[in-house]
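What follows is the content of work14.cif (mmCIF, C-alpha atoms and all ligand atoms).
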data_protein
loop_
_atom_site.group_PDB
_atom_site.id
_atom_site.type_symbol
_atom_site.label_atom_id
_atom_site.label_comp_id
_atom_site.auth_asym_id
_atom_site.auth_seq_id
_atom_site.Cartn_x
_atom_site.Cartn_y
_atom_site.Cartn_z
ATOM 1 C CA MET A 21 -3.671 -28.538 3.261
ATOM 2 C CA ALA A 22 -4.375 -25.628 0.932
ATOM 3 C CA PRO A 23 -4.196 -22.059 2.272
ATOM 4 C CA PRO A 24 -7.599 -20.868 3.567
ATOM 5 C CA LEU A 25 -8.564 -18.583 0.691
ATOM 6 C CA ALA A 26 -12.164 -17.439 0.131
ATOM 7 C CA PHE A 27 -12.637 -15.686 -3.202
ATOM 8 C CA SER A 28 -15.546 -13.389 -4.048
ATOM 9 C CA ALA A 29 -17.496 -14.563 -7.094
ATOM 10 C CA ASP A 30 -16.094 -11.895 -9.437
ATOM 11 C CA VAL A 31 -12.486 -12.405 -8.374
ATOM 12 C CA ALA A 32 -12.879 -16.190 -8.730
ATOM 13 C CA ALA A 33 -14.288 -15.720 -12.234
ATOM 14 C CA ALA A 34 -11.473 -13.343 -13.189
ATOM 15 C CA ARG A 35 -8.817 -15.740 -11.893
ATOM 16 C CA ALA A 36 -10.405 -18.662 -13.773
ATOM 17 C CA SER A 37 -10.475 -16.780 -17.081
ATOM 18 C CA GLY A 38 -7.065 -15.114 -16.704
ATOM 19 C CA ALA A 39 -8.616 -11.644 -16.584
ATOM 20 C CA PRO A 40 -6.543 -8.889 -14.938
ATOM 21 C CA VAL A 41 -6.902 -8.554 -11.158
ATOM 22 C CA VAL A 42 -5.519 -5.898 -8.783
ATOM 23 C CA ALA A 43 -5.133 -6.618 -5.073
ATOM 24 C CA LEU A 44 -5.997 -3.838 -2.601
ATOM 25 C CA GLU A 45 -5.090 -3.698 1.084
ATOM 26 C CA SER A 46 -7.445 -3.106 3.988
ATOM 27 C CA THR A 47 -5.282 -1.464 6.677
ATOM 28 C CA ILE A 48 -5.561 1.792 4.764
ATOM 29 C CA ILE A 49 -9.335 1.449 5.272
ATOM 30 C CA THR A 50 -9.314 0.528 8.975
ATOM 31 C CA HIS A 51 -6.229 2.375 10.244
ATOM 32 C CA GLY A 52 -5.236 4.848 7.523
ATOM 33 C CA MET A 53 -8.363 6.966 7.114
ATOM 34 C CA PRO A 54 -11.362 8.016 9.243
ATOM 35 C CA PHE A 55 -14.934 6.831 8.616
ATOM 36 C CA PRO A 56 -16.733 7.563 6.288
ATOM 37 C CA GLN A 57 -13.953 8.780 3.946
ATOM 38 C CA ASN A 58 -12.307 5.359 4.308
ATOM 39 C CA LEU A 59 -15.397 3.619 2.895
ATOM 40 C CA GLU A 60 -15.883 6.188 0.122
ATOM 41 C CA THR A 61 -12.230 5.794 -0.820
ATOM 42 C CA ALA A 62 -12.355 1.993 -0.778
ATOM 43 C CA ARG A 63 -15.334 2.113 -3.146
ATOM 44 C CA ALA A 64 -13.748 4.756 -5.380
ATOM 45 C CA VAL A 65 -10.503 2.786 -5.614
ATOM 46 C CA GLU A 66 -12.393 -0.350 -6.640
ATOM 47 C CA ALA A 67 -14.270 1.693 -9.262
ATOM 48 C CA GLU A 68 -10.972 3.054 -10.664
ATOM 49 C CA VAL A 69 -9.665 -0.497 -11.078
ATOM 50 C CA ARG A 70 -12.830 -1.583 -12.869
ATOM 51 C CA ALA A 71 -12.866 1.484 -15.125
ATOM 52 C CA ALA A 72 -9.330 0.605 -16.231
ATOM 53 C CA GLY A 73 -10.403 -2.927 -17.200
ATOM 54 C CA ALA A 74 -9.357 -5.019 -14.194
ATOM 55 C CA VAL A 75 -11.148 -6.661 -11.263
ATOM 56 C CA PRO A 76 -10.403 -5.289 -7.743
ATOM 57 C CA ALA A 77 -9.643 -7.761 -4.959
ATOM 58 C CA THR A 78 -9.698 -6.025 -1.583
ATOM 59 C CA ILE A 79 -8.077 -8.385 0.912
ATOM 60 C CA ALA A 80 -8.905 -8.859 4.604
ATOM 61 C CA VAL A 81 -9.112 -11.691 7.160
ATOM 62 C CA SER A 82 -12.183 -13.051 8.972
ATOM 63 C CA GLY A 83 -13.619 -16.347 10.184
ATOM 64 C CA GLY A 84 -10.333 -18.173 9.676
ATOM 65 C CA ARG A 85 -10.128 -17.232 5.996
ATOM 66 C CA ILE A 86 -8.273 -14.840 3.763
ATOM 67 C CA ARG A 87 -11.031 -12.915 1.976
ATOM 68 C CA VAL A 88 -9.937 -12.129 -1.574
ATOM 69 C CA GLY A 89 -12.515 -9.662 -2.867
ATOM 70 C CA LEU A 90 -15.072 -8.145 -0.482
ATOM 71 C CA ASP A 91 -18.711 -7.625 -1.407
ATOM 72 C CA ALA A 92 -20.415 -4.282 -0.672
ATOM 73 C CA ASP A 93 -21.656 -5.373 2.774
ATOM 74 C CA ALA A 94 -18.287 -6.791 3.851
ATOM 75 C CA LEU A 95 -16.487 -3.625 2.726
ATOM 76 C CA GLU A 96 -18.918 -1.430 4.659
ATOM 77 C CA ALA A 97 -18.699 -3.605 7.798
ATOM 78 C CA LEU A 98 -14.903 -3.471 7.729
ATOM 79 C CA ALA A 99 -14.817 0.313 7.227
ATOM 80 C CA ALA A 100 -17.274 0.955 10.076
ATOM 81 C CA ALA A 101 -15.883 -1.561 12.605
ATOM 82 C CA PRO A 102 -14.119 0.151 15.519
ATOM 83 C CA ASP A 103 -11.570 -2.426 16.692
ATOM 84 C CA VAL A 104 -10.208 -4.277 13.699
ATOM 85 C CA ARG A 105 -6.706 -5.682 14.144
ATOM 86 C CA LYS A 106 -3.828 -4.529 11.956
ATOM 87 C CA LEU A 107 -2.254 -7.692 10.575
ATOM 88 C CA SER A 108 1.236 -7.812 9.154
ATOM 89 C CA ARG A 109 3.360 -10.866 8.223
ATOM 90 C CA ALA A 110 3.936 -11.776 11.882
ATOM 91 C CA ASP A 111 0.216 -11.778 12.740
ATOM 92 C CA LEU A 112 -1.348 -13.470 9.749
ATOM 93 C CA ALA A 113 -1.130 -17.136 10.771
ATOM 94 C CA VAL A 114 -2.264 -16.532 14.359
ATOM 95 C CA ALA A 115 -5.175 -14.386 13.154
ATOM 96 C CA LEU A 116 -6.315 -17.100 10.747
ATOM 97 C CA ALA A 117 -5.850 -19.942 13.213
ATOM 98 C CA GLU A 118 -7.814 -18.015 15.873
ATOM 99 C CA GLY A 119 -10.550 -16.764 13.568
ATOM 100 C CA TRP A 120 -9.843 -13.072 14.222
ATOM 101 C CA THR A 121 -11.142 -10.260 12.037
ATOM 102 C CA GLY A 122 -8.268 -8.205 10.714
ATOM 103 C CA ALA A 123 -7.070 -5.794 8.068
ATOM 104 C CA THR A 124 -3.954 -6.618 6.091
ATOM 105 C CA THR A 125 -0.968 -4.279 5.764
ATOM 106 C CA VAL A 126 1.123 -4.015 2.612
ATOM 107 C CA ALA A 127 3.283 -6.943 3.795
ATOM 108 C CA ALA A 128 0.336 -9.197 4.651
ATOM 109 C CA THR A 129 -1.597 -8.211 1.522
ATOM 110 C CA MET A 130 1.411 -9.176 -0.615
ATOM 111 C CA ILE A 131 1.492 -12.619 1.029
ATOM 112 C CA CYS A 132 -2.242 -13.097 0.448
ATOM 113 C CA ALA A 133 -2.073 -11.788 -3.136
ATOM 114 C CA ARG A 134 0.666 -14.261 -4.003
ATOM 115 C CA LEU A 135 -1.324 -17.150 -2.497
ATOM 116 C CA ALA A 136 -4.325 -16.001 -4.575
ATOM 117 C CA GLY A 137 -2.284 -15.784 -7.784
ATOM 118 C CA ILE A 138 -2.532 -11.961 -8.023
ATOM 119 C CA GLU A 139 0.618 -10.229 -9.240
ATOM 120 C CA VAL A 140 -0.204 -6.526 -8.839
ATOM 121 C CA PHE A 141 -1.290 -4.563 -5.797
ATOM 122 C CA ALA A 142 -2.139 -0.881 -5.288
ATOM 123 C CA THR A 143 -1.919 1.138 -2.083
ATOM 124 C CA GLY A 144 -1.142 4.669 -0.872
ATOM 125 C CA GLY A 145 2.363 4.524 0.528
ATOM 126 C CA ILE A 146 4.345 1.608 1.893
ATOM 127 C CA GLY A 147 5.797 1.459 5.389
ATOM 128 C CA GLY A 148 9.552 1.915 5.712
ATOM 129 C CA VAL A 149 12.345 3.052 8.000
ATOM 130 C CA HIS A 150 11.019 5.429 10.638
ATOM 131 C CA ARG A 151 12.918 8.587 11.562
ATOM 132 C CA GLY A 152 15.051 7.768 14.605
ATOM 133 C CA ALA A 153 15.167 4.086 13.626
ATOM 134 C CA GLU A 154 18.809 4.065 14.737
ATOM 135 C CA THR A 155 17.473 4.069 18.298
ATOM 136 C CA SER A 156 13.882 2.729 17.939
ATOM 137 C CA PHE A 157 14.733 -0.017 15.378
ATOM 138 C CA ASP A 158 11.286 0.693 13.846
ATOM 139 C CA VAL A 159 11.517 -0.614 10.290
ATOM 140 C CA SER A 160 8.295 -1.742 8.584
ATOM 141 C CA ALA A 161 7.929 -5.396 7.617
ATOM 142 C CA ASP A 162 6.740 -4.045 4.236
ATOM 143 C CA LEU A 163 10.396 -3.706 3.181
ATOM 144 C CA SER A 164 11.471 -7.302 3.829
ATOM 145 C CA GLU A 165 8.224 -8.498 2.236
ATOM 146 C CA LEU A 166 9.101 -6.652 -0.965
ATOM 147 C CA ALA A 167 12.365 -8.604 -0.942
ATOM 148 C CA ALA A 168 10.616 -11.942 -0.438
ATOM 149 C CA THR A 169 7.279 -11.992 -2.252
ATOM 150 C CA PRO A 170 6.860 -11.600 -6.031
ATOM 151 C CA VAL A 171 4.130 -8.954 -6.202
ATOM 152 C CA THR A 172 4.451 -5.568 -7.927
ATOM 153 C CA VAL A 173 3.310 -2.893 -5.464
ATOM 154 C CA VAL A 174 2.119 0.446 -6.840
ATOM 155 C CA ALA A 175 2.419 3.197 -4.213
ATOM 156 C CA SER A 176 3.359 6.876 -4.045
ATOM 157 C CA GLY A 177 6.688 5.799 -2.590
ATOM 158 C CA ALA A 178 6.940 5.355 1.145
ATOM 159 C CA LYS A 179 4.924 7.566 3.483
ATOM 160 C CA ALA A 180 6.671 10.905 4.018
ATOM 161 C CA ILE A 181 6.458 10.550 7.810
ATOM 162 C CA LEU A 182 9.386 8.144 7.368
ATOM 163 C CA ASP A 183 13.102 8.615 6.778
ATOM 164 C CA LEU A 184 12.965 8.247 3.002
ATOM 165 C CA ALA A 185 16.745 8.223 2.471
ATOM 166 C CA LYS A 186 17.176 5.337 4.938
ATOM 167 C CA THR A 187 14.158 3.567 3.409
ATOM 168 C CA LEU A 188 15.814 3.734 -0.028
ATOM 169 C CA GLU A 189 19.077 2.377 1.417
ATOM 170 C CA VAL A 190 17.322 -0.620 2.973
ATOM 171 C CA LEU A 191 15.418 -1.326 -0.256
ATOM 172 C CA GLU A 192 18.713 -1.238 -2.151
ATOM 173 C CA THR A 193 20.316 -3.643 0.335
ATOM 174 C CA LEU A 194 17.342 -5.980 -0.020
ATOM 175 C CA GLY A 195 17.553 -5.865 -3.813
ATOM 176 C CA VAL A 196 14.104 -4.351 -4.313
ATOM 177 C CA PRO A 197 13.712 -2.368 -7.550
ATOM 178 C CA VAL A 198 12.311 1.095 -6.781
ATOM 179 C CA ILE A 199 10.861 2.380 -10.042
ATOM 180 C CA ALA A 200 9.649 5.976 -10.363
ATOM 181 C CA VAL A 201 6.976 6.634 -12.973
ATOM 182 C CA GLY A 202 7.054 9.727 -15.218
ATOM 183 C CA GLN A 203 9.845 11.493 -13.336
ATOM 184 C CA ASP A 204 13.347 10.916 -12.005
ATOM 185 C CA ALA A 205 12.646 11.853 -8.383
ATOM 186 C CA LEU A 206 11.299 9.514 -5.744
ATOM 187 C CA PRO A 207 7.822 10.772 -4.810
ATOM 188 C CA ALA A 208 7.042 11.553 -1.162
ATOM 189 C CA PHE A 209 3.410 10.448 -0.713
ATOM 190 C CA TRP A 210 1.514 13.793 -0.366
ATOM 191 C CA SER A 211 4.252 15.505 -2.435
ATOM 192 C CA ARG A 212 5.604 14.702 -5.885
ATOM 193 C CA ASP A 213 9.276 15.224 -5.112
ATOM 194 C CA SER A 214 11.160 13.858 -2.110
ATOM 195 C CA GLY A 215 14.382 15.551 -3.202
ATOM 196 C CA LEU A 216 15.907 12.087 -3.622
ATOM 197 C CA PRO A 217 16.543 10.506 -7.020
ATOM 198 C CA ALA A 218 14.718 7.217 -7.614
ATOM 199 C CA PRO A 219 17.094 4.368 -8.471
ATOM 200 C CA LEU A 220 15.059 3.343 -11.554
ATOM 201 C CA ARG A 221 12.472 4.913 -13.859
ATOM 202 C CA LEU A 222 9.916 3.339 -16.224
ATOM 203 C CA ASP A 223 7.109 5.440 -17.701
ATOM 204 C CA ASP A 224 4.959 2.808 -19.342
ATOM 205 C CA PRO A 225 2.799 0.073 -17.729
ATOM 206 C CA GLY A 226 3.955 -2.402 -20.384
ATOM 207 C CA ALA A 227 7.587 -1.850 -19.397
ATOM 208 C CA ILE A 228 6.739 -2.342 -15.711
ATOM 209 C CA ALA A 229 4.907 -5.588 -16.589
ATOM 210 C CA ARG A 230 7.911 -6.813 -18.626
ATOM 211 C CA ALA A 231 10.272 -6.098 -15.721
ATOM 212 C CA HIS A 232 7.921 -8.028 -13.392
ATOM 213 C CA ARG A 233 7.987 -11.034 -15.754
ATOM 214 C CA MET A 234 11.776 -10.840 -16.101
ATOM 215 C CA ARG A 235 12.225 -11.078 -12.325
ATOM 216 C CA GLY A 236 10.206 -14.284 -12.397
ATOM 217 C CA TRP A 237 12.288 -15.723 -15.240
ATOM 218 C CA LEU A 238 15.461 -14.861 -13.322
ATOM 219 C CA GLY A 239 14.124 -16.712 -10.291
ATOM 220 C CA LEU A 240 14.381 -13.600 -8.120
ATOM 221 C CA PRO A 241 11.987 -14.022 -5.200
ATOM 222 C CA GLY A 242 10.851 -10.478 -4.379
ATOM 223 C CA GLY A 243 8.590 -7.876 -5.932
ATOM 224 C CA GLN A 244 8.931 -4.364 -7.313
ATOM 225 C CA LEU A 245 8.035 -1.031 -5.752
ATOM 226 C CA VAL A 246 6.447 1.206 -8.375
ATOM 227 C CA ALA A 247 6.659 4.781 -7.082
ATOM 228 C CA ASN A 248 3.865 6.755 -8.729
ATOM 229 C CA PRO A 249 3.719 10.486 -7.909
ATOM 230 C CA ILE A 250 0.481 12.055 -6.698
ATOM 231 C CA PRO A 251 -1.320 13.998 -9.478
ATOM 232 C CA VAL A 252 -0.091 17.626 -9.743
ATOM 233 C CA GLU A 253 -3.454 19.161 -8.869
ATOM 234 C CA ALA A 254 -3.725 17.130 -5.642
ATOM 235 C CA GLU A 255 -0.201 17.489 -4.248
ATOM 236 C CA ILE A 256 0.859 19.341 -1.134
ATOM 237 C CA PRO A 257 4.473 20.511 -1.572
ATOM 238 C CA ALA A 258 7.018 18.847 0.737
ATOM 239 C CA ALA A 259 7.999 22.178 2.324
ATOM 240 C CA GLU A 260 4.385 22.731 3.365
ATOM 241 C CA MET A 261 4.056 19.216 4.830
ATOM 242 C CA ALA A 262 7.368 19.306 6.739
ATOM 243 C CA PRO A 263 6.171 21.283 9.812
ATOM 244 C CA HIS A 264 3.000 19.154 10.106
ATOM 245 C CA ILE A 265 5.065 15.967 9.969
ATOM 246 C CA ALA A 266 7.531 17.331 12.553
ATOM 247 C CA ALA A 267 4.697 18.319 14.919
ATOM 248 C CA ALA A 268 3.024 14.909 14.607
ATOM 249 C CA LEU A 269 6.315 13.114 15.245
ATOM 250 C CA ALA A 270 6.972 15.254 18.339
ATOM 251 C CA ARG A 271 3.512 14.442 19.662
ATOM 252 C CA ALA A 272 3.966 10.696 19.035
ATOM 253 C CA GLU A 273 7.247 10.829 20.924
ATOM 254 C CA ALA A 274 5.746 12.783 23.838
ATOM 255 C CA GLU A 275 2.832 10.340 24.106
ATOM 256 C CA GLY A 276 5.069 7.270 23.845
ATOM 257 C CA VAL A 277 3.313 5.913 20.750
ATOM 258 C CA ALA A 278 5.176 2.820 19.498
ATOM 259 C CA ALA A 279 5.072 -0.226 17.216
ATOM 260 C CA LYS A 280 1.902 -0.770 15.133
ATOM 261 C CA ALA A 281 0.261 2.384 16.486
ATOM 262 C CA VAL A 282 2.865 4.803 15.098
ATOM 263 C CA THR A 283 1.755 5.023 11.454
ATOM 264 C CA PRO A 284 -2.018 5.325 12.179
ATOM 265 C CA PHE A 285 -1.304 7.926 14.900
ATOM 266 C CA LEU A 286 0.832 10.078 12.595
ATOM 267 C CA LEU A 287 -1.652 9.910 9.703
ATOM 268 C CA ALA A 288 -4.533 10.922 11.988
ATOM 269 C CA GLU A 289 -2.533 13.773 13.552
ATOM 270 C CA ILE A 290 -1.507 15.121 10.160
ATOM 271 C CA GLY A 291 -5.072 14.781 8.885
ATOM 272 C CA ARG A 292 -6.275 16.996 11.753
ATOM 273 C CA ALA A 293 -3.435 19.514 11.467
ATOM 274 C CA THR A 294 -4.053 20.060 7.747
ATOM 275 C CA GLU A 295 -7.846 20.214 8.201
ATOM 276 C CA GLY A 296 -8.374 17.316 5.850
ATOM 277 C CA ARG A 297 -6.060 18.471 3.068
ATOM 278 C CA ALA A 298 -3.617 15.626 3.692
ATOM 279 C CA LEU A 299 -6.526 13.157 3.664
ATOM 280 C CA ALA A 300 -7.806 14.557 0.357
ATOM 281 C CA ALA A 301 -4.302 14.180 -1.095
ATOM 282 C CA ASN A 302 -4.065 10.625 0.259
ATOM 283 C CA ILE A 303 -7.373 9.748 -1.421
ATOM 284 C CA ALA A 304 -6.262 11.257 -4.745
ATOM 285 C CA LEU A 305 -2.957 9.383 -4.747
ATOM 286 C CA VAL A 306 -4.497 5.997 -3.903
ATOM 287 C CA ARG A 307 -7.008 6.393 -6.741
ATOM 288 C CA ASN A 308 -4.194 7.317 -9.109
ATOM 289 C CA ASN A 309 -2.183 4.281 -7.974
ATOM 290 C CA ALA A 310 -5.190 2.013 -8.542
ATOM 291 C CA ARG A 311 -5.463 3.271 -12.136
ATOM 292 C CA LEU A 312 -1.799 2.539 -12.847
ATOM 293 C CA ALA A 313 -1.932 -0.872 -11.138
ATOM 294 C CA ALA A 314 -4.912 -1.833 -13.300
ATOM 295 C CA ARG A 315 -3.021 -0.847 -16.457
ATOM 296 C CA ILE A 316 -0.059 -2.998 -15.331
ATOM 297 C CA ALA A 317 -2.425 -5.915 -14.583
ATOM 298 C CA VAL A 318 -3.941 -5.554 -18.063
ATOM 299 C CA GLU A 319 -0.432 -5.753 -19.588
ATOM 300 C CA LEU A 320 0.464 -8.809 -17.461
ATOM 301 C CA ALA A 321 -2.761 -10.554 -18.514
ATOM 302 C CA LYS A 322 -1.672 -10.301 -22.174
ATOM 303 C CA GLY A 323 0.847 -13.046 -21.338
HETATM 304 N N1 LIG B 401 -0.914 3.576 2.729
HETATM 305 C C1 LIG B 401 -1.750 4.579 3.105
HETATM 306 N N2 LIG B 401 -2.260 4.525 4.384
HETATM 307 C C2 LIG B 401 -1.968 3.493 5.259
HETATM 308 C C3 LIG B 401 -1.070 2.442 4.860
HETATM 309 C C4 LIG B 401 -0.589 2.547 3.582
HETATM 310 O O1 LIG B 401 -2.014 5.511 2.325
HETATM 311 O O2 LIG B 401 -2.466 3.478 6.386
HETATM 312 C C5 LIG B 401 -0.734 1.296 5.817
HETATM 313 C C6 LIG B 401 -0.270 0.067 5.033
HETATM 314 O O3 LIG B 401 -1.071 -1.014 5.427
HETATM 315 C C7 LIG B 401 1.172 -0.141 5.441
HETATM 316 C C8 LIG B 401 1.122 0.320 6.861
HETATM 317 O O4 LIG B 401 1.600 -1.474 5.290
HETATM 318 O O5 LIG B 401 0.347 1.537 6.739
HETATM 319 C C9 LIG B 401 2.505 0.531 7.431
HETATM 320 O O6 LIG B 401 2.468 0.324 8.798
HETATM 321 P P1 LIG B 401 3.829 0.073 9.634
HETATM 322 O O7 LIG B 401 4.610 1.343 9.443
HETATM 323 O O8 LIG B 401 3.369 -0.146 11.064
HETATM 324 O O9 LIG B 401 4.496 -1.139 9.052
HETATM 325 MN MN MN B 402 6.718 -0.235 12.649
#

Take the structure in this file and express it as structure tokens.
Ligand code: PSU
Ligand code: MN
Amino acid sequence: MAPPLAFSADVAAARASGAPVVALESTIITHGMPFPQNLETARAVEAEVRAAGAVPATIAVSGGRIRVGLDADALEALAAAPDVRKLSRADLAVALAEGWTGATTVAATMICARLAGIEVFATGGIGGVHRGAETSFDVSADLSELAATPVTVVASGAKAILDLAKTLEVLETLGVPVIAVGQDALPAFWSRDSGLPAPLRLDDPGAIARAHRMRGWLGLPGGQLVANPIPVEAEIPAAEMAPHIAAALARAEAEGVAAKAVTPFLLAEIGRATEGRALAANIALVRNNARLAARIAVELAKG
């Protein structure tokens, strides 16, 4: 039996003609940002992809199907729905078999993108190794997915609420190329510089597309993490974010927040503490990542 994919008309047409397509995740909409900024951002990100000459395919799950491309009504319903499930690799098959409505994380979106024949995906920041993982064992499934599934993921690195040094170590162990764009440093989500050097650097979408193709020719199974820094005018310096991150982490610990709830809790806390500045930065970086992903998709579509 074929995987239960349901394409929107424009994504189906793009796939049939070999036009460039960029996958977009939905957990950032349902769990990463508050309403209505989540809906405005989802629309703006799709518009960025189109303006750069590619077709956006926002991915989510409902009615036993993987939705590849959401129409305006479906996007709005998802953004406004209060209790959407957060689906990662472990949840995807159960959610589909049971007909649940769910949003896909980076890991699950990569799986769905590959099934749909989409090679590039844009998001804000991937999940990674949480601070204190040596006792909590909280390591995002996004990392092992990058090692397994051949999709190039454009993000502003991993979210800065994480232990970025440990995240880089795990990605190195898993053989995932971490490629900074336009600078030598690994970006840190809201901030341009994590203080850690990125293992690799490529400044041109064509070069990133060629590296993606080469991995396929080598028979290497995983994808690439393209670490695109937030635009200068939108960044919040790491030193300014550090106390907000520390306060949010302390609160999560005190309230016993664990597992899937950790990342959404921290993002919401930090959004409140910065009076929306962190959210504005998050929106700016996702839009910027969508633009770069579209340029990579355009290069890949050239053959
Ligand atoms: N990027 C954002 N905001 C988000 C996420 C990414 O700017 O909310 C989501 C992605 O779906 C990512 C998830 O896969 O956070 C990580 O969750 P966890 O740490 O539980 O694996
Ligand atoms: Mn986790």

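Between atom CA of A:Val31 and atom CA of A:Gly148 lies a distance of 29.8 Å.
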
Please identify all protein, DNA and RNA residues within 9 Å of ligand MN 402 (chain B), counting all atoms listed in the file, and report them as a VMD selection string. chain A and resid 147 to 150 157 to 161 278 to 283

Distance filter 8 Å around ligand LIG 401 (chain B), atoms: only C-alpha atoms and all ligand atoms, out as an mmCIF file with C-alpha atoms, in the frame of the given file:
data_model
loop_
_atom_site.group_PDB
_atom_site.id
_atom_site.type_symbol
_atom_site.label_atom_id
_atom_site.label_comp_id
_atom_site.auth_asym_id
_atom_site.auth_seq_id
_atom_site.Cartn_x
_atom_site.Cartn_y
_atom_site.Cartn_z
ATOM 1 C CA GLU A 45 -5.090 -3.698 1.084
ATOM 2 C CA SER A 46 -7.445 -3.106 3.988
ATOM 3 C CA THR A 47 -5.282 -1.464 6.677
ATOM 4 C CA ILE A 48 -5.561 1.792 4.764
ATOM 5 C CA ILE A 49 -9.335 1.449 5.272
ATOM 6 C CA THR A 50 -9.314 0.528 8.975
ATOM 7 C CA HIS A 51 -6.229 2.375 10.244
ATOM 8 C CA GLY A 52 -5.236 4.848 7.523
ATOM 9 C CA MET A 53 -8.363 6.966 7.114
ATOM 10 C CA LYS A 106 -3.828 -4.529 11.956
ATOM 11 C CA SER A 108 1.236 -7.812 9.154
ATOM 12 C CA THR A 124 -3.954 -6.618 6.091
ATOM 13 C CA THR A 125 -0.968 -4.279 5.764
ATOM 14 C CA VAL A 126 1.123 -4.015 2.612
ATOM 15 C CA ALA A 127 3.283 -6.943 3.795
ATOM 16 C CA ALA A 128 0.336 -9.197 4.651
ATOM 17 C CA THR A 143 -1.919 1.138 -2.083
ATOM 18 C CA GLY A 144 -1.142 4.669 -0.872
ATOM 19 C CA GLY A 145 2.363 4.524 0.528
ATOM 20 C CA ILE A 146 4.345 1.608 1.893
ATOM 21 C CA GLY A 147 5.797 1.459 5.389
ATOM 22 C CA GLY A 148 9.552 1.915 5.712
ATOM 23 C CA HIS A 150 11.019 5.429 10.638
ATOM 24 C CA VAL A 159 11.517 -0.614 10.290
ATOM 25 C CA SER A 160 8.295 -1.742 8.584
ATOM 26 C CA ALA A 161 7.929 -5.396 7.617
ATOM 27 C CA ASP A 162 6.740 -4.045 4.236
ATOM 28 C CA ALA A 175 2.419 3.197 -4.213
ATOM 29 C CA LYS A 179 4.924 7.566 3.483
ATOM 30 C CA PHE A 209 3.410 10.448 -0.713
ATOM 31 C CA ALA A 279 5.072 -0.226 17.216
ATOM 32 C CA LYS A 280 1.902 -0.770 15.133
ATOM 33 C CA ALA A 281 0.261 2.384 16.486
ATOM 34 C CA VAL A 282 2.865 4.803 15.098
ATOM 35 C CA THR A 283 1.755 5.023 11.454
ATOM 36 C CA PRO A 284 -2.018 5.325 12.179
ATOM 37 C CA LEU A 287 -1.652 9.910 9.703
ATOM 38 C CA ASN A 302 -4.065 10.625 0.259
ATOM 39 C CA ILE A 303 -7.373 9.748 -1.421
ATOM 40 C CA VAL A 306 -4.497 5.997 -3.903
#

Just to confirm, what's the straight-line distance from atom CA of A:Leu107 to atom CA of A:Val42 in Å (one decimal)? 19.7 Å

Which residues would end up in the selection if the PyMOL selection byres (((chain A and resi 130) around 10) and not hetatm) were applied here, given that I need the answer as a ChimeraX atom specification? /A:43-45,79,108-109,124-129,131-136,138-141,162,165-166,168-173,243

Please provide the set of residues having any atom within 7 Å of stretch 55-59 of chain A, restricted to all atoms listed in the file, with same-chain residues fewer than 2 positions apart removed, written as a VMD selection string. chain A and resid 49 53 61 to 63 96 99 to 100

Taking C-alpha atoms for each residue, export the selection above as a compact mmCIF listing (two decimals), in the frame of the given file.
# COMPACT_ATOMS: atom_id res chain seq x y z
CA ILE A 49 -9.34 1.45 5.27
CA MET A 53 -8.36 6.97 7.11
CA THR A 61 -12.23 5.79 -0.82
CA ALA A 62 -12.36 1.99 -0.78
CA ARG A 63 -15.33 2.11 -3.15
CA GLU A 96 -18.92 -1.43 4.66
CA ALA A 99 -14.82 0.31 7.23
CA ALA A 100 -17.27 0.96 10.08

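The residues returned by the PyMOL selection byres (((chain A and resi 180) around 9) and not hetatm) for this structure are Gly145, Gly177, Ala178, Lys179, Ile181, Leu182, Asp183, Leu184, Pro207, Ala208, Phe209, Trp210, Ser211, Ser214, Ala258, Met261, Ala262 and Ile265 of chain A.
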
Of the listed residues A:Ala80, A:Leu116, A:Val65, A:Val88, that which approaches A:Ala29 most closely, counting all atoms listed in the file: A:Val88

Put a box with edges along x, y and z around all the listed atoms of stretch 170-185 of chain A, pad it by 6 Å on each side, then give me its centre and sizes in Å, one decimal, as AutoDock Vina command-line options.
--center_x 9.4 --center_y -0.3 --center_z -0.1 --size_x 26.6 --size_y 34.5 --size_z 27.7

In Å, how far is it from atom CA of A:Gly84 to atom CA of A:Pro24? 7.2 Å

Of the candidates A:Met234, A:Pro54, A:Arg35, A:Arg307, which one gets nearest to A:Gly291 if we count all atoms listed in the file? A:Pro54

Non-local contacts of A:Ala301 (7 Å; only C-alpha atoms; under 4 positions in same chain excluded) as a PyMOL selection string: chain A and resi 210+254-255+297+305

Could you name the residues that touch stretch 227-230 of chain A at 12 Å or less, counting all atoms listed in the file, but leaving out those on the same chain fewer than 5 positions away, as a ChimeraX atom specification? /A:139-140,171-174,197-201,220-222,235-237,243-248,312-323

Run the PyMOL selection byres (((chain A and resi 30) around 12) and not hetatm) against the file shown and list the residues it catches, as number ranges by chain. A: 26-29, 31-37, 39-41, 70, 74-78, 88-91

Selected residue, from A:Asp224, A:Asp111, A:Asp213, A:Glu295, that lies nearest to A:Pro257 when counting all atoms listed in the file: A:Asp213

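Checking A:Ala218, A:Val277, A:Ala71, A:Leu25 one by one against A:Ser176, counting all atoms listed in the file, you find the shortest gap at A:Ala218.
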
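In this comparison, which uses all atoms listed in the file, the residue of A:Glu118, A:Asp223, A:Glu189, A:Glu154 approaching A:Gly83 most closely is A:Glu118.
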
Env of A:Pro251: 8 Å cut, atoms = all atoms listed in the file, seq-sep filter 6 positions within chain, self excluded. Answer as a PDB file with C-alpha atoms, keeping the file's coordinate frame.
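Below is the file that was written, part36.pdb:
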ATOM      1  CA  ARG A 212       5.604  14.702  -5.885  1.00  0.00           C
ATOM      2  CA  ALA A 304      -6.262  11.257  -4.745  1.00  0.00           C
ATOM      3  CA  LEU A 305      -2.957   9.383  -4.747  1.00  0.00           C
ATOM      4  CA  ASN A 308      -4.194   7.317  -9.109  1.00  0.00           C
TER       5      ASN A 308
END
